[in-house]
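Have a look at data-v6.cif below; it lists mmCIF, C-alpha atoms.
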data_run
#
loop_
_atom_site.label_atom_id
_atom_site.label_comp_id
_atom_site.auth_asym_id
_atom_site.auth_seq_id
_atom_site.Cartn_x
_atom_site.Cartn_y
_atom_site.Cartn_z
CA MET A 1 73.20 56.39 -113.84
CA ASP A 2 71.63 55.00 -117.02
CA ILE A 3 72.83 54.63 -120.60
CA SER A 4 71.62 58.13 -121.58
CA LYS A 5 73.50 59.84 -118.78
CA PHE A 6 76.53 57.64 -119.31
CA VAL A 7 76.85 58.45 -123.01
CA GLY A 8 76.03 62.11 -122.34
CA LEU A 9 78.86 62.39 -119.81
CA SER A 10 81.25 60.60 -122.16
CA LEU A 11 80.88 63.07 -125.03
CA GLY A 12 83.85 65.35 -125.62
CA ARG A 13 87.59 65.18 -125.86
CA TRP A 14 89.62 63.23 -123.33
CA ARG A 15 93.32 62.99 -122.59
CA SER A 16 93.98 59.38 -121.65
CA GLN A 17 96.84 57.73 -119.76
CA ARG A 18 96.68 53.97 -120.10
CA SER A 19 98.79 51.30 -118.42
CA ALA A 20 98.55 47.72 -119.63
CA HIS A 21 99.83 44.87 -117.49
CA HIS A 22 100.80 41.88 -119.63
CA LEU A 23 100.53 39.34 -116.89
CA ALA A 24 102.37 36.30 -118.18
CA PHE A 25 105.68 38.11 -118.30
CA GLY A 26 104.98 41.01 -115.91
CA HIS A 27 105.41 43.60 -118.65
CA PHE A 28 104.16 47.20 -118.34
CA GLU A 29 102.97 49.08 -121.41
CA GLN A 30 102.33 52.84 -121.32
CA VAL A 31 99.95 54.52 -123.71
CA THR A 32 98.97 58.18 -123.97
CA SER A 33 96.20 59.19 -126.30
CA THR A 34 93.54 61.72 -127.15
CA ILE A 35 90.04 60.33 -127.42
CA ASP A 36 87.13 62.11 -129.08
CA ILE A 37 83.58 60.95 -128.46
CA VAL A 38 80.84 62.52 -130.55
CA SER A 39 77.13 61.87 -130.68
CA LEU A 40 75.62 60.33 -133.82
CA ASP A 41 72.09 60.45 -135.10
CA ARG A 42 70.07 57.25 -134.99
CA ALA A 43 69.31 57.84 -138.68
CA ASP A 44 73.00 58.14 -139.58
CA LEU A 45 73.79 55.73 -142.42
CA GLU A 46 76.67 54.08 -140.50
CA VAL A 47 74.35 53.48 -137.56
CA THR A 48 71.54 52.01 -139.62
CA ASN A 49 74.01 49.84 -141.56
CA LEU A 50 75.51 48.44 -138.37
CA CYS A 51 72.03 47.74 -136.96
CA THR A 52 70.98 46.06 -140.20
CA SER A 53 74.04 43.80 -140.14
CA TYR A 54 72.78 42.45 -136.79
CA ASN A 55 69.12 42.36 -137.93
CA ILE A 56 68.22 45.05 -135.42
CA ASP A 57 65.77 47.87 -136.07
CA SER A 58 67.76 51.08 -135.65
CA HIS A 59 64.79 52.62 -133.82
CA GLN A 60 65.90 50.52 -130.85
CA ALA A 61 69.26 52.33 -130.75
CA ALA A 62 69.87 54.74 -127.86
CA HIS A 63 72.52 57.43 -128.13
CA PRO A 64 74.84 56.01 -130.78
CA PHE A 65 78.27 57.63 -130.84
CA ARG A 66 81.61 57.65 -132.58
CA MET A 67 84.85 57.17 -130.69
CA SER A 68 88.18 58.15 -132.28
CA TRP A 69 91.61 57.91 -130.75
CA LYS A 70 95.14 58.91 -131.58
CA GLY A 71 98.09 58.12 -129.41
CA GLU A 72 101.45 56.70 -128.65
CA SER A 73 102.56 53.46 -127.00
CA ASP A 74 105.95 52.44 -125.64
CA TRP A 75 105.36 48.81 -126.62
CA ASP A 76 108.29 48.76 -128.99
CA GLU A 77 111.66 50.25 -128.18
CA GLU A 78 110.64 53.33 -130.07
CA ALA A 79 107.32 54.99 -129.33
CA GLU A 80 104.71 53.67 -131.71
CA THR A 81 101.86 55.88 -132.84
CA PHE A 82 98.41 54.61 -133.64
CA GLU A 83 94.97 55.93 -134.43
CA GLY A 84 91.53 54.57 -135.08
CA THR A 85 87.84 55.18 -135.02
CA THR A 86 84.74 53.09 -134.35
CA ILE A 87 81.03 53.62 -134.01
CA LEU A 88 79.18 52.26 -131.02
CA VAL A 89 75.45 51.69 -130.84
CA PRO A 90 73.75 50.86 -127.51
CA ILE A 91 70.61 48.75 -127.86
CA PRO A 92 68.93 48.88 -124.42
CA ASP A 93 67.00 45.86 -123.24
CA PRO A 94 63.25 46.46 -123.53
CA ASP A 95 62.12 48.85 -120.77
CA ASN A 96 65.55 48.89 -119.19
CA LEU A 97 68.05 51.73 -119.48
CA LYS A 98 70.58 49.91 -117.27
CA SER A 99 71.35 46.92 -119.47
CA GLY A 100 71.47 45.94 -123.10
CA ARG A 101 73.75 45.20 -126.01
CA LEU A 102 76.48 47.37 -127.47
CA LEU A 103 77.17 47.06 -131.19
CA ARG A 104 80.54 48.11 -132.45
CA ASP A 105 81.92 48.20 -135.97
CA ARG A 106 85.43 47.47 -134.78
CA GLY A 107 86.15 45.52 -131.60
CA TYR A 108 88.69 46.08 -128.85
CA ALA A 109 90.30 42.64 -128.59
CA GLU A 110 89.91 41.85 -132.28
CA THR A 111 89.39 44.38 -135.04
CA ILE A 112 86.15 42.91 -136.31
CA PRO A 113 82.57 43.98 -135.62
CA SER A 114 81.47 42.90 -132.19
CA VAL A 115 78.42 42.85 -130.00
CA GLY A 116 78.82 43.06 -126.24
CA LYS A 117 76.46 42.90 -123.26
CA TYR A 118 76.43 45.88 -120.93
CA ARG A 119 74.89 46.65 -117.60
CA ILE A 120 75.18 49.59 -115.23
CA SER A 121 75.75 48.67 -111.59
CA GLU A 122 74.09 50.22 -108.54
CA ASP A 123 77.31 52.18 -108.07
CA GLY A 124 77.11 53.63 -111.57
CA ILE A 125 79.82 51.44 -113.09
CA PHE A 126 79.27 50.63 -116.77
CA ILE A 127 80.24 46.97 -117.23
CA LEU A 128 80.73 45.57 -120.73
CA GLU A 129 81.44 41.97 -121.65
CA THR A 130 82.31 41.03 -125.20
CA GLU A 131 83.08 37.59 -126.54
CA TYR A 132 85.38 37.39 -129.50
CA GLU A 133 86.49 34.33 -131.39
CA ARG A 134 89.73 33.86 -129.46
CA ALA A 135 89.25 36.12 -126.43
CA THR A 136 86.76 37.64 -124.01
CA ALA A 137 86.98 41.30 -123.03
CA GLU A 138 85.54 42.73 -119.84
CA GLU A 139 85.51 46.44 -119.29
CA LYS A 140 84.45 48.56 -116.31
CA ILE A 141 84.09 52.32 -116.83
CA TRP A 142 83.08 54.85 -114.20
CA PHE A 143 83.08 58.59 -113.61
CA VAL A 144 84.86 59.91 -110.53
CA ASN A 145 83.47 63.30 -111.48
CA PRO A 146 82.08 64.69 -114.77
CA ASN A 147 85.61 65.59 -115.95
CA PHE A 148 87.44 62.43 -114.90
CA ARG A 149 86.70 58.85 -115.78
CA LEU A 150 88.43 55.53 -115.20
CA ARG A 151 88.43 52.37 -117.27
CA VAL A 152 89.63 48.90 -116.29
CA SER A 153 89.80 46.38 -119.13
CA LEU A 154 90.59 42.69 -118.98
CA ILE A 155 91.42 40.46 -121.90
CA LYS A 156 90.73 36.84 -121.02
CA THR A 157 91.27 33.69 -123.00
CA SER A 158 88.25 32.40 -124.84
CA GLY A 159 85.80 31.00 -122.32
CA GLY A 160 86.99 33.54 -119.78
CA SER A 161 89.20 31.25 -117.70
CA GLY A 162 92.55 33.01 -117.79
CA VAL A 163 93.35 36.72 -117.69
CA VAL A 164 96.01 37.68 -120.24
CA THR A 165 96.10 41.47 -119.97
CA ALA A 166 94.72 43.91 -117.38
CA SER A 167 94.73 47.56 -118.30
CA PHE A 168 93.80 50.81 -116.65
CA SER A 169 92.99 54.17 -118.19
CA SER A 170 92.57 57.48 -116.44
CA GLU A 171 90.89 60.02 -118.67
CA ILE A 172 90.75 63.76 -118.10
CA ARG A 173 88.33 65.92 -120.05
CA SER A 174 89.97 68.50 -122.28
CA LEU A 175 88.29 71.88 -122.41
CA ALA A 176 86.72 72.39 -125.84
CA SER A 177 87.87 75.99 -126.11
CA ASP A 178 91.51 75.00 -125.94
CA SER A 179 92.48 71.43 -126.61
CA GLU A 180 95.83 71.87 -124.88
CA LYS A 181 94.18 72.95 -121.66
CA GLU A 182 92.67 70.39 -119.37
CA SER A 183 89.92 70.44 -116.80
CA GLN A 184 90.73 70.52 -113.15
CA VAL A 185 90.17 66.94 -112.04
CA MET B 186 80.83 38.89 -100.60
CA ASP B 187 81.25 40.08 -97.03
CA ILE B 188 84.24 41.14 -94.93
CA SER B 189 84.96 37.56 -93.79
CA LYS B 190 85.09 36.21 -97.31
CA PHE B 191 87.01 39.20 -98.54
CA VAL B 192 89.76 38.92 -95.94
CA GLY B 193 89.81 35.13 -96.34
CA LEU B 194 90.39 35.41 -100.09
CA SER B 195 93.08 38.05 -99.55
CA LEU B 196 95.29 35.88 -97.35
CA GLY B 197 98.48 34.61 -98.94
CA ARG B 198 101.31 35.90 -101.06
CA TRP B 199 100.68 38.09 -104.09
CA ARG B 200 102.85 39.30 -106.93
CA SER B 201 101.72 42.82 -107.71
CA GLN B 202 102.18 45.03 -110.78
CA ARG B 203 101.17 48.60 -110.02
CA SER B 204 100.91 51.58 -112.35
CA ALA B 205 100.46 55.05 -110.91
CA HIS B 206 99.25 57.91 -113.08
CA HIS B 207 100.42 61.25 -111.68
CA LEU B 208 97.80 63.32 -113.38
CA ALA B 209 99.07 66.88 -113.22
CA PHE B 210 102.08 66.11 -115.36
CA GLY B 211 100.94 62.90 -117.09
CA HIS B 212 103.69 60.84 -115.49
CA PHE B 213 103.61 57.03 -115.33
CA GLU B 214 105.19 55.21 -112.40
CA GLN B 215 105.75 51.44 -112.45
CA VAL B 216 105.97 49.39 -109.31
CA THR B 217 106.45 45.66 -108.86
CA SER B 218 106.15 44.13 -105.43
CA THR B 219 105.47 41.05 -103.40
CA ILE B 220 102.67 41.39 -100.87
CA ASP B 221 102.09 39.02 -97.96
CA ILE B 222 98.78 39.03 -96.13
CA VAL B 223 98.52 36.95 -92.97
CA SER B 224 95.70 36.51 -90.50
CA LEU B 225 96.10 37.86 -86.96
CA ASP B 226 94.35 36.85 -83.80
CA ARG B 227 91.89 39.31 -82.28
CA ALA B 228 93.81 38.91 -79.01
CA ASP B 229 97.13 39.77 -80.62
CA LEU B 230 98.78 42.59 -78.66
CA GLU B 231 99.22 44.78 -81.74
CA VAL B 232 95.53 44.39 -82.56
CA THR B 233 94.33 45.20 -79.04
CA ASN B 234 96.70 48.17 -78.85
CA LEU B 235 95.43 49.61 -82.12
CA CYS B 236 91.81 49.13 -81.00
CA THR B 237 92.56 50.75 -77.64
CA SER B 238 94.12 53.78 -79.34
CA TYR B 239 90.73 54.36 -81.02
CA ASN B 240 88.73 53.52 -77.86
CA ILE B 241 87.30 50.44 -79.56
CA ASP B 242 86.71 47.13 -77.81
CA SER B 243 88.83 44.59 -79.70
CA HIS B 244 85.97 42.08 -79.47
CA GLN B 245 84.34 44.10 -82.24
CA ALA B 246 87.24 43.33 -84.57
CA ALA B 247 86.60 40.92 -87.45
CA HIS B 248 89.48 39.13 -89.18
CA PRO B 249 92.42 41.43 -88.40
CA PHE B 250 95.42 40.88 -90.64
CA ARG B 251 98.94 42.02 -91.36
CA MET B 252 100.01 43.21 -94.78
CA SER B 253 103.69 43.41 -95.71
CA TRP B 254 105.18 44.48 -99.01
CA LYS B 255 108.56 44.62 -100.64
CA GLY B 256 109.15 46.02 -104.07
CA GLU B 257 110.73 48.24 -106.61
CA SER B 258 109.59 51.49 -108.23
CA ASP B 259 110.96 53.30 -111.29
CA TRP B 260 110.09 56.70 -109.80
CA ASP B 261 113.70 57.79 -109.74
CA GLU B 262 116.07 57.27 -112.61
CA GLU B 263 117.37 54.22 -110.85
CA ALA B 264 114.95 51.62 -109.53
CA GLU B 265 114.14 52.39 -105.92
CA THR B 266 113.37 49.58 -103.51
CA PHE B 267 110.99 49.89 -100.61
CA GLU B 268 109.34 47.72 -98.02
CA GLY B 269 106.84 48.09 -95.24
CA THR B 270 104.28 46.41 -93.06
CA THR B 271 101.02 47.44 -91.45
CA ILE B 272 98.25 45.82 -89.46
CA LEU B 273 94.65 46.27 -90.51
CA VAL B 274 91.64 45.73 -88.27
CA PRO B 275 88.12 45.69 -89.73
CA ILE B 276 85.42 46.83 -87.30
CA PRO B 277 82.11 45.87 -88.94
CA ASP B 278 79.09 48.08 -88.35
CA PRO B 279 76.71 46.44 -85.86
CA ASP B 280 74.85 43.58 -87.57
CA ASN B 281 76.39 44.37 -90.93
CA LEU B 282 79.20 42.41 -92.56
CA LYS B 283 79.17 44.67 -95.64
CA SER B 284 80.24 47.95 -94.08
CA GLY B 285 82.31 49.29 -91.23
CA ARG B 286 85.57 50.94 -90.30
CA LEU B 287 89.08 49.81 -91.09
CA LEU B 288 91.80 50.68 -88.57
CA ARG B 289 95.36 50.77 -89.80
CA ASP B 290 98.56 51.45 -87.93
CA ARG B 291 100.19 53.05 -90.94
CA GLY B 292 98.19 54.80 -93.66
CA TYR B 293 98.50 54.73 -97.44
CA ALA B 294 98.53 58.44 -98.28
CA GLU B 295 100.31 59.44 -95.08
CA THR B 296 102.35 57.14 -92.86
CA ILE B 297 100.35 57.74 -89.71
CA PRO B 298 97.61 55.62 -88.15
CA SER B 299 94.36 55.99 -90.04
CA VAL B 300 90.77 54.91 -89.86
CA GLY B 301 88.80 54.44 -93.06
CA LYS B 302 85.20 53.64 -93.89
CA TYR B 303 84.58 50.54 -96.00
CA ARG B 304 81.60 49.03 -97.72
CA ILE B 305 81.20 46.08 -100.04
CA SER B 306 79.09 46.75 -103.13
CA GLU B 307 76.43 44.49 -104.63
CA ASP B 308 79.06 43.50 -107.20
CA GLY B 309 81.49 42.41 -104.51
CA ILE B 310 83.79 45.43 -104.77
CA PHE B 311 85.43 46.42 -101.48
CA ILE B 312 85.39 50.23 -101.34
CA LEU B 313 87.50 52.04 -98.78
CA GLU B 314 87.56 55.78 -98.12
CA THR B 315 90.13 57.28 -95.79
CA GLU B 316 90.53 60.93 -94.89
CA TYR B 317 93.99 62.08 -93.98
CA GLU B 318 95.08 65.50 -92.88
CA ARG B 319 96.11 66.69 -96.32
CA ALA B 320 94.54 64.11 -98.63
CA THR B 321 91.67 61.70 -99.14
CA ALA B 322 92.27 58.16 -100.41
CA GLU B 323 89.65 56.06 -102.16
CA GLU B 324 90.36 52.47 -102.96
CA LYS B 325 88.35 49.84 -104.84
CA ILE B 326 89.49 46.21 -104.60
CA TRP B 327 87.84 43.24 -106.28
CA PHE B 328 88.55 39.63 -107.14
CA VAL B 329 88.32 38.57 -110.77
CA ASN B 330 88.87 35.02 -109.53
CA PRO B 331 90.28 33.65 -106.25
CA ASN B 332 93.83 33.93 -107.60
CA PHE B 333 93.62 37.34 -109.22
CA ARG B 334 92.60 40.63 -107.71
CA LEU B 335 92.57 44.23 -108.89
CA ARG B 336 92.94 47.47 -106.96
CA VAL B 337 92.21 51.01 -108.10
CA SER B 338 93.37 53.75 -105.74
CA LEU B 339 92.79 57.47 -105.96
CA ILE B 340 94.55 60.13 -103.96
CA LYS B 341 92.48 63.30 -103.83
CA THR B 342 93.20 66.65 -102.31
CA SER B 343 91.77 67.18 -98.88
CA GLY B 344 88.01 67.57 -99.18
CA GLY B 345 88.03 65.22 -102.15
CA SER B 346 87.69 67.83 -104.90
CA GLY B 347 90.72 67.14 -107.08
CA VAL B 348 92.31 63.82 -108.05
CA VAL B 349 96.09 63.92 -107.81
CA THR B 350 97.07 60.31 -108.47
CA ALA B 351 95.16 57.33 -109.90
CA SER B 352 96.80 53.96 -109.55
CA PHE B 353 96.03 50.42 -110.61
CA SER B 354 97.36 47.16 -109.24
CA SER B 355 96.91 43.70 -110.70
CA GLU B 356 97.79 41.03 -108.18
CA ILE B 357 98.42 37.37 -108.92
CA ARG B 358 98.47 34.81 -106.12
CA SER B 359 101.79 33.03 -105.68
CA LEU B 360 101.59 29.36 -104.88
CA ALA B 361 102.62 28.77 -101.28
CA SER B 362 104.69 25.71 -102.10
CA ASP B 363 107.00 27.65 -104.36
CA SER B 364 107.11 31.40 -104.10
CA GLU B 365 108.65 31.74 -107.55
CA LYS B 366 105.77 29.97 -109.19
CA GLU B 367 102.50 31.74 -109.77
CA SER B 368 98.93 30.62 -110.09
CA GLN B 369 97.28 30.40 -113.44
CA VAL B 370 95.16 33.54 -113.61
#
Written as structure tokens, how would this file's structure read?
Amino acid sequence: MDISKFVGLSLGRWRSQRSAHHLAFGHFEQVTSTIDIVSLDRADLEVTNLCTSYNIDSHQAAHPFRMSWKGESDWDEEAETFEGTTILVPIPDPDNLKSGRLLRDRGYAETIPSVGKYRISEDGIFILETEYERATAEEKIWFVNPNFRLRVSLIKTSGGSGVVTASFSSEIRSLASDSEKESQV
Amino acid sequence: MDISKFVGLSLGRWRSQRSAHHLAFGHFEQVTSTIDIVSLDRADLEVTNLCTSYNIDSHQAAHPFRMSWKGESDWDEEAETFEGTTILVPIPDPDNLKSGRLLRDRGYAETIPSVGKYRISEDGIFILETEYERATAEEKIWFVNPNFRLRVSLIKTSGGSGVVTASFSSEIRSLASDSEKESQV
């Protein structure tokens, strides 16, 4: 597994079930969403702008993509809907397709641009660490098969000492021909 | 990380939050439980009996332990309580503390004795695969820090082709001096 394969496998529409464990008070949050991941061109203006804002030559970008999501959470008493979109630009380390930086125009723990460090483990797990101003996010993503992927995300306090939230997503690929129909996982 | 360290870190009392995703119908199940893991002696009668039932010399056993749990699930409309206990006996591969078999007197997917194959990845993730008669279970367990561990479990159809259930546990160590008080994670 390298960044090319990983992004390639991620493209498409996914139906996601996410459970967040808010650890301090043992709360469970349930989220269902649809996630769309589409490939972007390295020359795309949004990609070049994001690279420029980090003083990075966009020719170093590998497989930039856009991720959009739309879903529903049971956080409040009534189901709360949400949606969003972000672009993500992997910048592999020189001569290494298994590690690098990931630029993002809207972060996960804080909705500001972020830059994380990724690496891909021997077992094919994509591991991303991102430091924000007030929190650190650590994410592990892996494919059980091409139509089923799992994500474990941790939000830690700044400095990484305490874990605040642990969440788990199981994502099933939707067949393109019929968005209501899902792949056999 | 090797099997000795892994079992050593696992000993104690844990407060567990578990979310199960039943994939076919997108159902979320929430489980909270207390888990106790205690070390057993290799010469313990239950350990030697389990080894004997698999024709294994109990001198090959490394760090056998007992795991007990007591908890509550929201599977039914009313919270349903459950409890159980099992003994687990790691049998490391010859000259290898990072892989082997795990004997269990009561399985996870089916409540019959089971024997699984484990290995510990470069990243310190304990990976266990167990084949039952009608299902295959795959479990990944890792420590974020000594007081906080995560578990991802998959139940697949026999043969491992389809994933039926994906579940996620976050487990916080309880301080021994006061079972109501938890460690800072």
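Evaluated on this file, the PyMOL selection byres ((chain A) within 8 of (chain B)) matches A:Gln17, A:Ser19, A:His21, A:Gly26, A:Phe28, A:Gln30, A:Ser121, A:Glu122, A:Asp123, A:Ser161, A:Gly162, A:Val163, A:Val164, A:Ala166, A:Phe168, A:Ser170, A:Gln184, A:Val185.
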Kindly resolve the PyMOL selection byres ((chain B and resi 286) around 9) on the present coordinates and return the residues as number ranges by chain. B: 274-278, 284-285, 287-288, 300-304, 313
Mobile chain B fitted to chain A over all in-order Cα pairs, reported as a compact mmCIF listing (two decimals) with C-alpha atoms, in the frame of the given file:
# COMPACT_ATOMS: atom_id res chain seq x y z
CA MET B 186 73.19 56.39 -113.85
CA ASP B 187 71.63 55.01 -117.01
CA ILE B 188 72.82 54.64 -120.60
CA SER B 189 71.61 58.14 -121.57
CA LYS B 190 73.50 59.82 -118.77
CA PHE B 191 76.52 57.66 -119.31
CA VAL B 192 76.84 58.44 -123.01
CA GLY B 193 76.04 62.11 -122.34
CA LEU B 194 78.86 62.40 -119.81
CA SER B 195 81.25 60.60 -122.16
CA LEU B 196 80.88 63.07 -125.03
CA GLY B 197 83.83 65.36 -125.63
CA ARG B 198 87.58 65.16 -125.87
CA TRP B 199 89.63 63.21 -123.34
CA ARG B 200 93.32 62.98 -122.59
CA SER B 201 93.99 59.38 -121.65
CA GLN B 202 96.86 57.73 -119.77
CA ARG B 203 96.68 53.96 -120.09
CA SER B 204 98.79 51.29 -118.42
CA ALA B 205 98.57 47.71 -119.62
CA HIS B 206 99.85 44.86 -117.47
CA HIS B 207 100.80 41.87 -119.62
CA LEU B 208 100.54 39.33 -116.89
CA ALA B 209 102.39 36.28 -118.16
CA PHE B 210 105.69 38.10 -118.28
CA GLY B 211 105.01 41.01 -115.90
CA HIS B 212 105.43 43.60 -118.64
CA PHE B 213 104.18 47.19 -118.33
CA GLU B 214 103.00 49.07 -121.40
CA GLN B 215 102.35 52.82 -121.33
CA VAL B 216 99.98 54.51 -123.70
CA THR B 217 98.98 58.16 -123.97
CA SER B 218 96.20 59.17 -126.30
CA THR B 219 93.56 61.70 -127.14
CA ILE B 220 90.04 60.31 -127.41
CA ASP B 221 87.13 62.10 -129.08
CA ILE B 222 83.59 60.95 -128.46
CA VAL B 223 80.84 62.52 -130.54
CA SER B 224 77.13 61.88 -130.68
CA LEU B 225 75.62 60.34 -133.82
CA ASP B 226 72.09 60.47 -135.09
CA ARG B 227 70.06 57.26 -135.00
CA ALA B 228 69.32 57.85 -138.70
CA ASP B 229 72.99 58.16 -139.59
CA LEU B 230 73.80 55.74 -142.42
CA GLU B 231 76.66 54.10 -140.52
CA VAL B 232 74.36 53.50 -137.55
CA THR B 233 71.53 52.02 -139.63
CA ASN B 234 74.00 49.85 -141.55
CA LEU B 235 75.51 48.45 -138.37
CA CYS B 236 72.04 47.75 -136.95
CA THR B 237 70.97 46.08 -140.19
CA SER B 238 74.03 43.82 -140.14
CA TYR B 239 72.76 42.47 -136.79
CA ASN B 240 69.10 42.36 -137.93
CA ILE B 241 68.22 45.06 -135.41
CA ASP B 242 65.76 47.86 -136.07
CA SER B 243 67.75 51.09 -135.65
CA HIS B 244 64.79 52.63 -133.81
CA GLN B 245 65.90 50.53 -130.85
CA ALA B 246 69.24 52.34 -130.75
CA ALA B 247 69.86 54.75 -127.86
CA HIS B 248 72.52 57.46 -128.12
CA PRO B 249 74.84 56.03 -130.78
CA PHE B 250 78.26 57.65 -130.84
CA ARG B 251 81.61 57.65 -132.57
CA MET B 252 84.85 57.18 -130.69
CA SER B 253 88.17 58.14 -132.27
CA TRP B 254 91.61 57.89 -130.73
CA LYS B 255 95.13 58.90 -131.57
CA GLY B 256 98.09 58.09 -129.41
CA GLU B 257 101.46 56.69 -128.63
CA SER B 258 102.56 53.44 -127.00
CA ASP B 259 105.98 52.43 -125.65
CA TRP B 260 105.40 48.79 -126.61
CA ASP B 261 108.31 48.78 -129.01
CA GLU B 262 111.67 50.25 -128.19
CA GLU B 263 110.65 53.35 -130.05
CA ALA B 264 107.32 54.99 -129.32
CA GLU B 265 104.72 53.65 -131.70
CA THR B 266 101.85 55.85 -132.82
CA PHE B 267 98.41 54.57 -133.63
CA GLU B 268 94.97 55.90 -134.41
CA GLY B 269 91.53 54.54 -135.06
CA THR B 270 87.83 55.18 -135.00
CA THR B 271 84.75 53.09 -134.34
CA ILE B 272 81.02 53.63 -134.01
CA LEU B 273 79.17 52.28 -131.01
CA VAL B 274 75.43 51.70 -130.84
CA PRO B 275 73.75 50.88 -127.52
CA ILE B 276 70.60 48.77 -127.85
CA PRO B 277 68.92 48.90 -124.43
CA ASP B 278 66.98 45.87 -123.24
CA PRO B 279 63.23 46.49 -123.54
CA ASP B 280 62.11 48.85 -120.77
CA ASN B 281 65.54 48.89 -119.18
CA LEU B 282 68.04 51.74 -119.46
CA LYS B 283 70.57 49.90 -117.27
CA SER B 284 71.33 46.92 -119.48
CA GLY B 285 71.47 45.94 -123.12
CA ARG B 286 73.75 45.21 -126.03
CA LEU B 287 76.48 47.37 -127.47
CA LEU B 288 77.16 47.06 -131.20
CA ARG B 289 80.55 48.13 -132.46
CA ASP B 290 81.93 48.20 -135.97
CA ARG B 291 85.44 47.46 -134.80
CA GLY B 292 86.16 45.50 -131.62
CA TYR B 293 88.71 46.05 -128.86
CA ALA B 294 90.32 42.61 -128.60
CA GLU B 295 89.93 41.84 -132.30
CA THR B 296 89.38 44.39 -135.05
CA ILE B 297 86.15 42.91 -136.33
CA PRO B 298 82.57 43.98 -135.63
CA SER B 299 81.47 42.89 -132.19
CA VAL B 300 78.42 42.87 -129.99
CA GLY B 301 78.83 43.09 -126.23
CA LYS B 302 76.48 42.90 -123.28
CA TYR B 303 76.44 45.90 -120.93
CA ARG B 304 74.89 46.66 -117.60
CA ILE B 305 75.19 49.59 -115.24
CA SER B 306 75.75 48.67 -111.60
CA GLU B 307 74.08 50.21 -108.55
CA ASP B 308 77.31 52.18 -108.08
CA GLY B 309 77.11 53.64 -111.57
CA ILE B 310 79.82 51.45 -113.10
CA PHE B 311 79.27 50.63 -116.78
CA ILE B 312 80.25 46.98 -117.25
CA LEU B 313 80.73 45.59 -120.73
CA GLU B 314 81.44 41.98 -121.66
CA THR B 315 82.31 41.05 -125.22
CA GLU B 316 83.09 37.59 -126.54
CA TYR B 317 85.39 37.40 -129.51
CA GLU B 318 86.49 34.34 -131.39
CA ARG B 319 89.71 33.86 -129.47
CA ALA B 320 89.25 36.11 -126.43
CA THR B 321 86.78 37.63 -124.01
CA ALA B 322 86.98 41.31 -123.04
CA GLU B 323 85.55 42.73 -119.84
CA GLU B 324 85.53 46.44 -119.29
CA LYS B 325 84.46 48.56 -116.32
CA ILE B 326 84.10 52.32 -116.84
CA TRP B 327 83.08 54.85 -114.21
CA PHE B 328 83.09 58.58 -113.61
CA VAL B 329 84.87 59.90 -110.53
CA ASN B 330 83.48 63.31 -111.48
CA PRO B 331 82.09 64.68 -114.77
CA ASN B 332 85.60 65.57 -115.94
CA PHE B 333 87.43 62.43 -114.90
CA ARG B 334 86.70 58.85 -115.78
CA LEU B 335 88.44 55.54 -115.20
CA ARG B 336 88.45 52.36 -117.27
CA VAL B 337 89.64 48.90 -116.29
CA SER B 338 89.82 46.37 -119.12
CA LEU B 339 90.60 42.69 -118.97
CA ILE B 340 91.41 40.45 -121.89
CA LYS B 341 90.73 36.83 -121.03
CA THR B 342 91.28 33.68 -123.00
CA SER B 343 88.27 32.41 -124.84
CA GLY B 344 85.82 30.99 -122.31
CA GLY B 345 86.99 33.55 -119.78
CA SER B 346 89.20 31.25 -117.69
CA GLY B 347 92.56 33.00 -117.80
CA VAL B 348 93.37 36.72 -117.69
CA VAL B 349 96.01 37.69 -120.23
CA THR B 350 96.10 41.47 -119.95
CA ALA B 351 94.73 43.91 -117.35
CA SER B 352 94.74 47.55 -118.30
CA PHE B 353 93.81 50.81 -116.64
CA SER B 354 93.00 54.16 -118.20
CA SER B 355 92.58 57.48 -116.43
CA GLU B 356 90.89 60.01 -118.66
CA ILE B 357 90.76 63.75 -118.11
CA ARG B 358 88.33 65.91 -120.06
CA SER B 359 89.97 68.52 -122.27
CA LEU B 360 88.27 71.87 -122.40
CA ALA B 361 86.63 72.35 -125.78
CA SER B 362 87.77 75.95 -126.11
CA ASP B 363 91.41 75.00 -125.98
CA SER B 364 92.41 71.43 -126.63
CA GLU B 365 95.77 71.91 -124.94
CA LYS B 366 94.17 72.94 -121.69
CA GLU B 367 92.65 70.37 -119.40
CA SER B 368 89.91 70.45 -116.82
CA GLN B 369 90.72 70.53 -113.17
CA VAL B 370 90.18 66.95 -112.05
Between CA of Phe328 in chain B and CA of Gly309 in chain B - distance in Å to one decimal: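 CA of Phe328 in chain B lies 8.0 Å from CA of Gly309 in chain B.
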Could you tell me, as number ranges by chain, exactly which residues end up selected when the PyMOL selection byres ((chain B and resi 232) around 9) is applied to this structure? B: 225-231, 233-237, 243, 246, 249-250, 272-274
A straight line from CA of Ile120 in chain A to CA of Ser343 in chain B spans 29.2 Å
Would you work out the distance separating CA of Glu83 in chain A from CA of Gly12 in chain A, expressed in Å to one decimal?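 It comes out at 17.0 Å.
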Edge lengths and centre in Å to one decimal, as JSON, of the axis-aligned box that encloses all listed atoms of range 24-41 of chain A with 4 Å added on every side?
{"center_x": 88.9, "center_y": 49.4, "center_z": -125.5, "size_x": 41.6, "size_y": 34.2, "size_z": 27.2}
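Excluding Arg251 in chain B itself and any same-chain residue fewer than 5 positions from it, the protein and nucleic acid residues within 6 Å of it, counting all atoms listed in the file, are Ile222, Val223, Thr271 and Ile272 of chain B.
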